[in-house]
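*Asks:* One structure, as C-alpha cells, below. Some questions next.
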Amino acid sequence: MNQLIQRFAGTFQLLFVVAVVGGAILLSVALKPQQAASYAAPAAQSPVVSVVTPLEASYRPTVRLNGVVEARTITDVIPQVSGRVIEVSSAFRPGSRIGKGEVIFKIDPADYVLAIERTLAEIEAARSELALLEAQATAEKEVWNQQFPDRKIPDLTARVPQIAAAKARIHSAEAARKAAELSLQRTVVRAPFDARVLDTRLAVGQVVGTSATLGSIFSVDSLEIAVPVSLGELALIGDAIGQAAAIVQEGSAASELSGEIVRQAAVLNERTRLGTLFIAAEESESLVLGEFVGVEIVGQDAPQTYRVPAASLTSRDQIWVVNNGQLEDRQVEVLGSENNLVVVRAFDVADGIVMVPPADVRAGLTVTMQLERSLASTDGGAAAGGE
C-alpha cells in the first residue's frame, strides 16, 4: 500500500511540475505583446521650422574701413653749404608749423661774402688783361699793315689766342661769382612749403656740413589716408578712383571730414593680401600724422539682393532652406546688414528660408514647414533698400 501511494505521489509531482512550467510559458507568451506595446518608443516626428520668403530689393552698401594718416613725402633738412649756425627759428621745433618761405636757420655768411669779393677781383683782373691784349693787338695790326700791306697778319701776332684765353677767364670768373652768390643765398635755409616739423637736431653755434641731417619736416598738403581693403570690399566699392569718402576721427567732437579716393595701390600686400586705397581729405589741417581714422565709402548699387533674418545664418555665409520637405544648405555672399536683417546676393531659396534652424540641423533632415509673414511686414518695410 505504501509503495502504491509513493508511486502516485511521484507521478503527481511530475504532473504538477509540467503544469507549472507550461503555465509559465503560456503566461509569458500572453504578456509579451502587451509589454512590447507598453514599452515601445513613440513614433519619430519631423521638427517644425518657420520659413520665410526673403525680401528682394536693390542695395547700395556702405563699406566701413580703417586707415592711418601718412605723408606722401617726409623731407630731411640738410644744408647745401657748410658753416657755423648763427640763427635758428623758434618754430623749428618738433610739432611746430612753418610757413612756406619762412627762415628755418642761418649759417655764418662771412666766408661766402669773401668768396664773392674774390671772384669780383678775378673778373676785374681778367678784364684788365683782356683790355691790354686788345690794345696790343691793335698796335700790332697797325705796324703789320704798314710793313706788309698785302699780307694777312698772323693770329699769334694779332694776339687772337691770348684774347680768347682772357675772355674765357672772364667767363670762368663770372661763373665763380654766380656760384659764390648762390652759396651765399644758401646760408639762409627757408621752408620749401607749408610744413610741420617732425624732429630737429640743431642749435646756434653748431658747425654743420653739407651731409648732415638737421631735422625732418613734411608738407601739410601731403597728408593722406592709407586704407587697407580686401578684394571683396573693392568689389562692393566698384570704380574706386574719384569716389567720395567720409573720414571719422576717433575721439573728435568735430563733424566728419570729406575726402576723395585719389589712388589705389598697384599690388597687394605680400603678407596680408590686401590692397590699399589712398584718400585725400579736403581739410587736412586737423589730421595728425600716424593717426588712425575710420573711413566710410558708399559703394555701387548691387541689384538682385535679398534681405534675410540674421538668425537664419548658422555660420558667416551659410543659410538653410526647405526643399520638398527636407533641409538643404546654401552658401551665400553677405553684402551688409540693416537692423536685424542681413543683405546677401540673390540665391535659390527653394520653398523658403529657415528662420531659426533646429539644433540637429543637417542636410536631408525631414521637417514640417510653418510659413511666417513676409519680411516687409515683420520688419516694418524698412528693408526696401538703403545704405
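Residues are named by chain letter and number: chains run A, B, ... in the order of the C-alpha cells, numbers start at 1 in each chain, and ligands are numbered from 1 in the order shown.
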For segment 183-188 of chain A, list every protein, DNA or RNA residue within 7 Å, evaluated using only C-alpha atoms, and leave out those in the same chain fewer than 6 positions away; present the list as a list of chain:residue names.
*Replies:*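 Those residues are A:Gln80, A:Val81, A:Val103, A:Phe105, A:Lys106, A:Ile107, A:Asp108, A:Pro109, A:Tyr112, A:Val113.
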*Asks:* For Pro61 of chain A, please output as a ChimeraX atom specification all residues within 9 Å (counting only C-alpha atoms; exclusion window: fewer than 5 positions along the same chain).
*Replies:* /A:236-237,297-302,335-337,386-387
*Asks:* Would you pick out the contacts of Ala115 of chain A at 9 Å or less, using only C-alpha atoms, so that residues sharing its chain but fewer than 3 positions from it are not included, and give the list as a list in words?
*Replies:*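 Counting only C-alpha atoms, the residues come to Ala110, Asp111, Tyr112, Arg118, Thr119, Leu120, Ala176, Arg177, Ala180, Glu181 and Leu184 of chain A.
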*Asks:* Which residue is closest to Ser82 of chain A? Choose from A:Val227, A:Leu132, A:Ala212, A:Val197 and count only C-alpha atoms.
*Replies:*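 Closest residue, counting only C-alpha atoms: A:Ala212.
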*Asks:* From the DSSP assignment of the backbone, select every residue of segment 287-344 of chain A that is strand (DSSP E or B), and format the answer as a PyMOL selection string.
*Replies:* chain A and resi 292-298+302-309+313+318-323+326-331+334-338+341-344
*Asks:* Given the selection you just returned, output its residues as a file containing C-alpha atoms, formatted as an mmCIF file, in the first residue's frame.
*Replies:*
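Output file result_25.cif follows:
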```
data_model
loop_
_atom_site.group_PDB
_atom_site.id
_atom_site.type_symbol
_atom_site.label_atom_id
_atom_site.label_comp_id
_atom_site.auth_asym_id
_atom_site.auth_seq_id
_atom_site.Cartn_x
_atom_site.Cartn_y
_atom_site.Cartn_z
ATOM 1 C CA PHE A 292 44.056 106.030 -37.008
ATOM 2 C CA VAL A 293 40.750 107.117 -38.557
ATOM 3 C CA GLY A 294 37.549 105.484 -39.701
ATOM 4 C CA VAL A 295 36.519 105.706 -43.337
ATOM 5 C CA GLU A 296 33.075 105.197 -44.852
ATOM 6 C CA ILE A 297 32.692 104.749 -48.607
ATOM 7 C CA VAL A 298 29.345 104.384 -50.354
ATOM 8 C CA ALA A 302 24.078 95.920 -56.007
ATOM 9 C CA PRO A 303 20.975 94.590 -57.830
ATOM 10 C CA GLN A 304 19.303 91.238 -57.108
ATOM 11 C CA THR A 305 19.904 91.112 -53.394
ATOM 12 C CA TYR A 306 17.900 89.512 -50.593
ATOM 13 C CA ARG A 307 17.340 90.611 -47.053
ATOM 14 C CA VAL A 308 17.170 87.641 -44.698
ATOM 15 C CA PRO A 309 16.903 87.330 -40.906
ATOM 16 C CA LEU A 313 22.746 82.249 -40.709
ATOM 17 C CA GLN A 318 25.598 79.514 -44.567
ATOM 18 C CA ILE A 319 21.785 79.526 -44.726
ATOM 19 C CA TRP A 320 19.328 76.604 -44.623
ATOM 20 C CA VAL A 321 16.296 76.306 -46.890
ATOM 21 C CA VAL A 322 13.444 73.808 -47.206
ATOM 22 C CA ASN A 323 13.210 71.938 -50.483
ATOM 23 C CA GLN A 326 13.877 68.479 -46.491
ATOM 24 C CA LEU A 327 16.624 70.809 -45.343
ATOM 25 C CA GLU A 328 19.341 71.957 -47.757
ATOM 26 C CA ASP A 329 22.205 74.354 -47.053
ATOM 27 C CA ARG A 330 23.168 77.329 -49.204
ATOM 28 C CA GLN A 331 26.449 79.248 -49.287
ATOM 29 C CA VAL A 334 26.952 88.612 -47.418
ATOM 30 C CA LEU A 335 26.973 92.253 -48.564
ATOM 31 C CA GLY A 336 25.948 94.083 -45.404
ATOM 32 C CA SER A 337 23.323 94.372 -42.701
ATOM 33 C CA GLU A 338 20.291 96.519 -41.921
ATOM 34 C CA LEU A 341 18.436 91.739 -41.391
ATOM 35 C CA VAL A 342 21.415 90.592 -43.432
ATOM 36 C CA VAL A 343 21.794 91.601 -47.083
ATOM 37 C CA VAL A 344 23.018 88.798 -49.355
#
```
*Asks:* Env of Val267 of chain A: 12 Å cut, atoms = only C-alpha atoms, seq-sep filter 2 positions within chain, self excluded. Answer as a PDB file with N, CA and C atoms, in the first residue's frame.
*Replies:*
```pdb
ATOM      1  N   PRO A 228      43.766  99.955 -45.854  1.00  0.00           N
ATOM      2  CA  PRO A 228      43.792  98.567 -46.344  1.00  0.00           C
ATOM      3  C   PRO A 228      42.374  98.112 -46.704  1.00  0.00           C
ATOM      4  N   VAL A 229      42.241  97.375 -47.795  1.00  0.00           N
ATOM      5  CA  VAL A 229      40.918  96.959 -48.264  1.00  0.00           C
ATOM      6  C   VAL A 229      41.045  95.580 -48.910  1.00  0.00           C
ATOM      7  N   LEU A 231      39.701  92.348 -51.373  1.00  0.00           N
ATOM      8  CA  LEU A 231      39.181  92.280 -52.737  1.00  0.00           C
ATOM      9  C   LEU A 231      37.659  92.290 -52.743  1.00  0.00           C
ATOM     10  N   GLN A 264      44.992 104.077 -55.953  1.00  0.00           N
ATOM     11  CA  GLN A 264      44.851 102.711 -55.489  1.00  0.00           C
ATOM     12  C   GLN A 264      46.163 101.989 -55.728  1.00  0.00           C
ATOM     13  N   ALA A 265      46.645 101.281 -54.717  1.00  0.00           N
ATOM     14  CA  ALA A 265      47.920 100.589 -54.833  1.00  0.00           C
ATOM     15  C   ALA A 265      47.877  99.597 -55.990  1.00  0.00           C
ATOM     16  N   ASN A 269      49.372  93.652 -50.629  1.00  0.00           N
ATOM     17  CA  ASN A 269      50.355  93.426 -49.585  1.00  0.00           C
ATOM     18  C   ASN A 269      50.743  91.952 -49.564  1.00  0.00           C
ATOM     19  N   GLU A 270      52.045  91.666 -49.587  1.00  0.00           N
ATOM     20  CA  GLU A 270      52.508  90.281 -49.672  1.00  0.00           C
ATOM     21  C   GLU A 270      52.114  89.456 -48.457  1.00  0.00           C
ATOM     22  N   ARG A 271      51.987  90.089 -47.316  1.00  0.00           N
ATOM     23  CA  ARG A 271      51.692  89.344 -46.089  1.00  0.00           C
ATOM     24  C   ARG A 271      50.191  89.202 -45.864  1.00  0.00           C
ATOM     25  N   THR A 272      49.438  90.313 -46.026  1.00  0.00           N
ATOM     26  CA  THR A 272      48.012  90.292 -45.729  1.00  0.00           C
ATOM     27  C   THR A 272      47.141  90.037 -46.949  1.00  0.00           C
ATOM     28  N   ARG A 273      47.706  90.165 -48.155  1.00  0.00           N
ATOM     29  CA  ARG A 273      46.956  90.022 -49.399  1.00  0.00           C
ATOM     30  C   ARG A 273      45.826  91.041 -49.491  1.00  0.00           C
ATOM     31  N   LEU A 274      46.044  92.214 -48.928  1.00  0.00           N
ATOM     32  CA  LEU A 274      45.072  93.303 -49.007  1.00  0.00           C
ATOM     33  C   LEU A 274      45.586  94.385 -49.944  1.00  0.00           C
ATOM     34  N   GLY A 275      44.652  95.069 -50.594  1.00  0.00           N
ATOM     35  CA  GLY A 275      45.005  96.236 -51.384  1.00  0.00           C
ATOM     36  C   GLY A 275      45.037  97.476 -50.503  1.00  0.00           C
ATOM     37  N   THR A 276      45.356  98.616 -51.088  1.00  0.00           N
ATOM     38  CA  THR A 276      45.417  99.870 -50.335  1.00  0.00           C
ATOM     39  C   THR A 276      44.800 100.982 -51.165  1.00  0.00           C
ATOM     40  N   LEU A 277      43.892 101.734 -50.538  1.00  0.00           N
ATOM     41  CA  LEU A 277      43.327 102.937 -51.131  1.00  0.00           C
ATOM     42  C   LEU A 277      43.936 104.148 -50.443  1.00  0.00           C
TER      43      LEU A 277
END
```
*Asks:* Leaving out Val51 of chain A and any residue of its chain fewer than 5 positions from it, which residues lie within 8 Å of it when counting only C-alpha atoms, given as an MDAnalysis selection string?
*Replies:* chainID A and resid 321:322 352:355 369:372
*Asks:* Considering only alpha helix (DSSP H) as DSSP defines it on the backbone, what residues of segment 199-387 of chain A qualify? List them as a short mmCIF file (atom, residue, chain, number, x, y, z; two decimals) with C-alpha atoms, in the first residue's frame.
*Replies:*
```
data_model
loop_
_atom_site.label_atom_id
_atom_site.label_comp_id
_atom_site.auth_asym_id
_atom_site.auth_seq_id
_atom_site.Cartn_x
_atom_site.Cartn_y
_atom_site.Cartn_z
CA LEU A 231 39.18 92.28 -52.74
CA GLY A 232 35.59 91.70 -51.65
CA GLU A 233 35.32 95.23 -50.31
CA LEU A 234 36.83 96.57 -53.51
CA ALA A 235 34.14 94.72 -55.44
CA LEU A 236 31.47 96.48 -53.36
CA ILE A 237 33.08 99.89 -53.91
CA LEU A 375 9.91 90.27 -44.10
CA ALA A 376 8.34 93.51 -45.33
CA SER A 377 5.52 93.09 -42.80
CA THR A 378 7.53 91.62 -39.94
#
```
*Asks:* Determine, counting only C-alpha atoms, which protein, DNA and RNA residues have an atom within 12 Å of an atom of Gln162 of chain A; residues of the same chain fewer than 3 positions away are not included. Present the result as a list in words.
*Replies:*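 Everything that qualifies: Ala126, Glu129, Leu130, Ala131, Leu132, Leu133, Glu134, Ala135, Gln136, Ala137, Asp155, Leu156, Thr157, Ala158, Arg159, Ala165, Ala166, Lys167, Ala168 and Arg169 of chain A.
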*Asks:* Save the residues we just selected, N, CA and C atoms, as a PDB file, in the first residue's frame?
*Replies:*
```pdb
ATOM      1  N   ALA A 126      90.867 139.776 -65.070  1.00  0.00           N
ATOM      2  CA  ALA A 126      90.703 139.195 -66.398  1.00  0.00           C
ATOM      3  C   ALA A 126      90.292 140.259 -67.403  1.00  0.00           C
ATOM      4  N   GLU A 129      93.360 142.363 -68.211  1.00  0.00           N
ATOM      5  CA  GLU A 129      94.250 141.641 -69.115  1.00  0.00           C
ATOM      6  C   GLU A 129      93.704 141.637 -70.529  1.00  0.00           C
ATOM      7  N   LEU A 130      92.388 141.481 -70.660  1.00  0.00           N
ATOM      8  CA  LEU A 130      91.762 141.481 -71.979  1.00  0.00           C
ATOM      9  C   LEU A 130      91.936 142.844 -72.651  1.00  0.00           C
ATOM     10  N   ALA A 131      91.767 143.915 -71.887  1.00  0.00           N
ATOM     11  CA  ALA A 131      91.931 145.256 -72.457  1.00  0.00           C
ATOM     12  C   ALA A 131      93.359 145.467 -72.946  1.00  0.00           C
ATOM     13  N   LEU A 132      94.338 144.986 -72.144  1.00  0.00           N
ATOM     14  CA  LEU A 132      95.740 145.124 -72.541  1.00  0.00           C
ATOM     15  C   LEU A 132      96.013 144.351 -73.823  1.00  0.00           C
ATOM     16  N   LEU A 133      95.530 143.130 -73.893  1.00  0.00           N
ATOM     17  CA  LEU A 133      95.751 142.306 -75.076  1.00  0.00           C
ATOM     18  C   LEU A 133      95.100 142.916 -76.311  1.00  0.00           C
ATOM     19  N   GLU A 134      93.906 143.465 -76.138  1.00  0.00           N
ATOM     20  CA  GLU A 134      93.231 144.079 -77.280  1.00  0.00           C
ATOM     21  C   GLU A 134      93.987 145.320 -77.764  1.00  0.00           C
ATOM     22  N   ALA A 135      94.559 146.092 -76.812  1.00  0.00           N
ATOM     23  CA  ALA A 135      95.354 147.278 -77.202  1.00  0.00           C
ATOM     24  C   ALA A 135      96.627 146.854 -77.924  1.00  0.00           C
ATOM     25  N   GLN A 136      97.278 145.828 -77.424  1.00  0.00           N
ATOM     26  CA  GLN A 136      98.487 145.318 -78.070  1.00  0.00           C
ATOM     27  C   GLN A 136      98.166 144.785 -79.463  1.00  0.00           C
ATOM     28  N   ALA A 137      97.030 144.110 -79.590  1.00  0.00           N
ATOM     29  CA  ALA A 137      96.651 143.583 -80.892  1.00  0.00           C
ATOM     30  C   ALA A 137      96.397 144.700 -81.892  1.00  0.00           C
ATOM     31  N   ASP A 155      97.677 135.144 -86.574  1.00  0.00           N
ATOM     32  CA  ASP A 155      96.845 135.205 -85.348  1.00  0.00           C
ATOM     33  C   ASP A 155      97.688 135.406 -84.105  1.00  0.00           C
ATOM     34  N   LEU A 156      98.839 134.769 -84.068  1.00  0.00           N
ATOM     35  CA  LEU A 156      99.681 134.910 -82.880  1.00  0.00           C
ATOM     36  C   LEU A 156     100.146 136.341 -82.725  1.00  0.00           C
ATOM     37  N   THR A 157     100.533 136.994 -83.861  1.00  0.00           N
ATOM     38  CA  THR A 157     100.973 138.392 -83.802  1.00  0.00           C
ATOM     39  C   THR A 157      99.816 139.299 -83.421  1.00  0.00           C
ATOM     40  N   ALA A 158      98.588 138.944 -83.881  1.00  0.00           N
ATOM     41  CA  ALA A 158      97.411 139.763 -83.582  1.00  0.00           C
ATOM     42  C   ALA A 158      96.815 139.459 -82.210  1.00  0.00           C
ATOM     43  N   ARG A 159      97.479 138.610 -81.422  1.00  0.00           N
ATOM     44  CA  ARG A 159      97.057 138.264 -80.060  1.00  0.00           C
ATOM     45  C   ARG A 159      95.674 137.562 -80.035  1.00  0.00           C
ATOM     46  N   ALA A 165      91.767 133.491 -74.632  1.00  0.00           N
ATOM     47  CA  ALA A 165      92.016 132.965 -73.292  1.00  0.00           C
ATOM     48  C   ALA A 165      91.582 133.952 -72.219  1.00  0.00           C
ATOM     49  N   ALA A 166      91.809 135.238 -72.456  1.00  0.00           N
ATOM     50  CA  ALA A 166      91.390 136.247 -71.482  1.00  0.00           C
ATOM     51  C   ALA A 166      89.877 136.298 -71.355  1.00  0.00           C
ATOM     52  N   LYS A 167      89.178 136.191 -72.495  1.00  0.00           N
ATOM     53  CA  LYS A 167      87.712 136.170 -72.446  1.00  0.00           C
ATOM     54  C   LYS A 167      87.199 134.937 -71.705  1.00  0.00           C
ATOM     55  N   ALA A 168      87.858 133.804 -71.891  1.00  0.00           N
ATOM     56  CA  ALA A 168      87.455 132.587 -71.187  1.00  0.00           C
ATOM     57  C   ALA A 168      87.637 132.735 -69.685  1.00  0.00           C
ATOM     58  N   ARG A 169      88.743 133.402 -69.294  1.00  0.00           N
ATOM     59  CA  ARG A 169      88.956 133.634 -67.857  1.00  0.00           C
ATOM     60  C   ARG A 169      87.867 134.534 -67.286  1.00  0.00           C
TER      61      ARG A 169
END
```
*Asks:* Pick out the residues sitting within 12 Å of Val69 of chain A, and hand them over as a ChimeraX atom specification; count only C-alpha atoms, and ignore anything fewer than 4 positions along from it in its own chain.
*Replies:* /A:220,222-228,247-249,277-281,284-295
*Asks:* Looking at only C-alpha atoms, which of A:Arg84, A:Asp348, A:Pro357, A:Ala363 is the one that sits closest to Gln206 of chain A?
*Replies:* A:Arg84
*Asks:* A:Arg72, A:Lys178, A:Arg93, A:Arg151: which is nearest Ile116 of chain A, counting only C-alpha atoms?
*Replies:* A:Lys178
*Asks:* Can you work out the spacing between atom CA of Glu117 of chain A and atom CA of Ser211 of chain A in Å, to one decimal?
*Replies:*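 Spanning atom CA of Glu117 of chain A to atom CA of Ser211 of chain A is a straight-line distance of 26.5 Å.
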*Asks:* With only C-alpha atoms as the basis for distance, which of A:Val48, A:Ala346, A:Ile98, A:Ala139 is at the shortest distance from Phe218 of chain A?
*Replies:* A:Ile98
*Asks:* State, in Å with one decimal place, the distance from atom CA of Ala125 of chain A to atom CA of Leu182 of chain A.
*Replies:* 22.1 Å
